Amino acid sequence: KTRMDQKSLQMRLSKAKAIMIIESPFLASIVCSLPLTLDDSLNPPTLATNGKWIKAHPAWVAEHTDPQLVWALGHEVMHCVFRHMLHRGPRNPVLWNIAGDYVINQLLETDPATKAGRPPNVLFDLDIYTRGGGTTEGVYNLLFDKAEKFMASGQWDACEDLPGDAAEQAE
């Protein structure tokens with residue numbers, strides 16, 4: 001990508017943040033406090049967060065609409081809201097992220113600011129959300145019995161552990 005392409009992509013992310021300020025002030029207050037950068041090394045090539053930053057894959061940003069970018073930023077923010085990067089414990093990190101995605105995606109589906117922007121191919125299943133009690137822990141436990149199936153389906157994004165030891169994380 002050329003410098004101009006990167007600048008255009010950053011402008012699209014900034015526009016998505018501006019839309020969030022108007023349509024979803026709660027999510028916007030969090031997304032605006034996190035550095036948001038482009039990173040073409042993300043795998044899967046979507047978005048990722050560790051609670052201190054959000055990264056977006058340039059190709060993913062280029063291929064999606066403004067409402068989908070708003071949805072995706074909201075999705076990453078919800079990982080921060082639920083502190084998924086701090087509460088995983090000894091659980092499998094990929095399956096924990098998948099469980100969190102089912103919960104987050106269901107909640108975003110009920111928010112008028114994000115509902116219209118759900119991209120295709122995200123993890124979304126009201127039955128799994130309901131049977132898991134609407135919590136990441138509950139969905140994780142539900143999926144754990146069939147972990148092989150769900151991990152084979154892949155994760156939509158990445159929610160990385162917060163860096164540092166327990167004391168640094170608590171701070």
# chains A, B, ... in the order shown; residues from 1 in each chain; ligands from 1

$ residues_around --residues "A:Ala99" --least-positions-apart "6" --cutoff "7 Å" --atoms "only C-alpha atoms" --output "list in words"
Thr136, Val139 and Tyr140 of chain A

$ residues_around --residues "stretch 77-81 of chain A" --least-positions-apart "5" --cutoff "7 Å" --atoms "only C-alpha atoms" --output "list in words"
Leu27, Ile30, Val31, Gly51 and Ile104 of chain A

$ write_last_selection --atoms "N, CA and C atoms" --output "JSON list (two decimals), in the first residue's frame"
[["chain", "number", "residue", "atom", "x", "y", "z"],
["A", 27, "LEU", "N", -19.72, 3.51, 23.51],
["A", 27, "LEU", "CA", -18.64, 2.81, 22.79],
["A", 27, "LEU", "C", -17.59, 3.79, 22.30],
["A", 30, "ILE", "N", -14.85, 4.89, 24.71],
["A", 30, "ILE", "CA", -13.77, 3.91, 24.89],
["A", 30, "ILE", "C", -12.87, 3.85, 23.66],
["A", 31, "VAL", "N", -13.48, 3.75, 22.48],
["A", 31, "VAL", "CA", -12.66, 3.62, 21.27],
["A", 31, "VAL", "C", -11.78, 4.84, 21.08],
["A", 51, "GLY", "N", -6.73, -4.39, 24.91],
["A", 51, "GLY", "CA", -7.22, -3.51, 25.96],
["A", 51, "GLY", "C", -6.46, -2.20, 26.07],
["A", 104, "ILE", "N", -20.53, -10.84, 22.43],
["A", 104, "ILE", "CA", -20.44, -9.48, 21.91],
["A", 104, "ILE", "C", -21.32, -9.29, 20.68]]

$ residues_around --residues "A:Lys52" --least-positions-apart "5" --cutoff "12 Å" --atoms "only C-alpha atoms" --output "number ranges by chain"
A: 30-37, 76-77, 79-81, 83, 85-86, 159-164, 169

$ closest_residue --among "A:Gly74, A:Glu109, A:Ile98, A:Phe124" --to "A:Pro25" --atoms "only C-alpha atoms"
A:Gly74

$ residues_around --residues "A:Leu69" --least-positions-apart "2" --cutoff "12 Å" --atoms "only C-alpha atoms" --output "MDAnalysis selection string"
chainID A and resid 9:20 46:47 56:58 60:67 71:76 113:119

$ write_last_selection --atoms "N, CA and C atoms" --output "compact mmCIF listing (two decimals), in the first residue's frame"
# COMPACT_ATOMS: atom_id res chain seq x y z
N LEU A 9 -7.17 4.95 4.52
CA LEU A 9 -7.71 3.94 5.43
C LEU A 9 -7.83 4.49 6.84
N GLN A 10 -6.82 5.24 7.29
CA GLN A 10 -6.88 5.86 8.61
C GLN A 10 -8.04 6.85 8.68
N MET A 11 -8.29 7.56 7.58
CA MET A 11 -9.42 8.50 7.54
C MET A 11 -10.75 7.76 7.64
N ARG A 12 -10.84 6.61 7.03
CA ARG A 12 -12.08 5.82 7.14
C ARG A 12 -12.30 5.35 8.57
N LEU A 13 -11.23 4.96 9.25
CA LEU A 13 -11.36 4.57 10.66
C LEU A 13 -11.74 5.77 11.53
N SER A 14 -11.18 6.92 11.22
CA SER A 14 -11.53 8.13 11.96
C SER A 14 -13.00 8.49 11.73
N LYS A 15 -13.46 8.30 10.52
CA LYS A 15 -14.88 8.56 10.21
C LYS A 15 -15.77 7.61 11.01
N ALA A 16 -15.37 6.35 11.09
CA ALA A 16 -16.16 5.37 11.87
C ALA A 16 -16.21 5.80 13.34
N LYS A 17 -15.10 6.28 13.87
CA LYS A 17 -15.09 6.77 15.25
C LYS A 17 -16.02 7.97 15.41
N ALA A 18 -16.04 8.87 14.42
CA ALA A 18 -16.92 10.05 14.48
C ALA A 18 -18.39 9.61 14.46
N ILE A 19 -18.71 8.63 13.64
CA ILE A 19 -20.08 8.11 13.60
C ILE A 19 -20.45 7.54 14.96
N MET A 20 -19.52 6.83 15.58
CA MET A 20 -19.78 6.26 16.91
C MET A 20 -20.05 7.34 17.94
N THR A 46 -8.39 -9.22 10.39
CA THR A 46 -9.56 -8.39 10.67
C THR A 46 -9.13 -7.28 11.62
N LEU A 47 -9.48 -7.43 12.92
CA LEU A 47 -9.08 -6.48 13.94
C LEU A 47 -8.60 -7.24 15.17
N ALA A 56 -6.15 -2.75 13.15
CA ALA A 56 -7.01 -3.16 12.05
C ALA A 56 -6.16 -3.54 10.85
N HIS A 57 -6.56 -4.60 10.19
CA HIS A 57 -5.84 -5.03 8.99
C HIS A 57 -6.26 -4.12 7.84
N PRO A 58 -5.30 -3.53 7.13
CA PRO A 58 -5.64 -2.58 6.06
C PRO A 58 -6.59 -3.15 5.00
N TRP A 60 -8.83 -5.46 5.32
CA TRP A 60 -10.17 -5.60 5.89
C TRP A 60 -10.87 -4.25 5.90
N VAL A 61 -10.17 -3.22 6.32
CA VAL A 61 -10.75 -1.87 6.35
C VAL A 61 -11.16 -1.46 4.93
N ALA A 62 -10.30 -1.71 3.96
CA ALA A 62 -10.58 -1.30 2.58
C ALA A 62 -11.79 -2.01 2.00
N GLU A 63 -12.04 -3.23 2.42
CA GLU A 63 -13.11 -4.05 1.83
C GLU A 63 -14.47 -3.89 2.50
N HIS A 64 -14.57 -3.11 3.57
CA HIS A 64 -15.83 -3.04 4.31
C HIS A 64 -16.41 -1.64 4.33
N THR A 65 -17.72 -1.59 4.54
CA THR A 65 -18.45 -0.33 4.52
C THR A 65 -18.24 0.44 5.82
N ASP A 66 -18.63 1.69 5.81
CA ASP A 66 -18.54 2.49 7.03
C ASP A 66 -19.35 1.88 8.17
N PRO A 67 -20.61 1.45 7.95
CA PRO A 67 -21.34 0.82 9.06
C PRO A 67 -20.64 -0.44 9.58
N TRP A 71 -19.32 -1.17 13.36
CA TRP A 71 -19.63 -2.43 14.05
C TRP A 71 -18.33 -3.06 14.57
N ALA A 72 -17.32 -3.14 13.71
CA ALA A 72 -16.06 -3.81 14.08
C ALA A 72 -15.36 -3.09 15.23
N LEU A 73 -15.35 -1.77 15.20
CA LEU A 73 -14.75 -1.03 16.31
C LEU A 73 -15.54 -1.27 17.58
N GLY A 74 -16.87 -1.29 17.46
CA GLY A 74 -17.71 -1.60 18.63
C GLY A 74 -17.41 -2.98 19.17
N HIS A 75 -17.18 -3.92 18.29
CA HIS A 75 -16.86 -5.29 18.69
C HIS A 75 -15.57 -5.31 19.52
N GLU A 76 -14.53 -4.64 19.02
CA GLU A 76 -13.26 -4.63 19.75
C GLU A 76 -13.41 -3.92 21.10
N ALA A 113 -27.16 1.40 16.93
CA ALA A 113 -25.98 2.05 16.35
C ALA A 113 -25.10 1.07 15.59
N THR A 114 -25.13 -0.20 15.95
CA THR A 114 -24.23 -1.16 15.32
C THR A 114 -24.95 -2.25 14.53
N LYS A 115 -26.23 -2.50 14.82
CA LYS A 115 -26.95 -3.63 14.23
C LYS A 115 -26.83 -3.69 12.70
N ALA A 116 -27.00 -2.56 12.05
CA ALA A 116 -27.01 -2.55 10.59
C ALA A 116 -25.64 -2.84 9.98
N GLY A 117 -24.59 -2.78 10.77
CA GLY A 117 -23.26 -2.94 10.20
C GLY A 117 -22.63 -4.30 10.36
N ARG A 118 -23.38 -5.29 10.87
CA ARG A 118 -22.74 -6.59 11.10
C ARG A 118 -22.19 -7.15 9.79
N PRO A 119 -20.86 -7.36 9.73
CA PRO A 119 -20.27 -7.93 8.52
C PRO A 119 -20.68 -9.39 8.35

$ closest_residue --among "A:Leu42, A:Asp127, A:Gly100, A:Gln68" --to "A:His87" --atoms "only C-alpha atoms"
A:Gly100
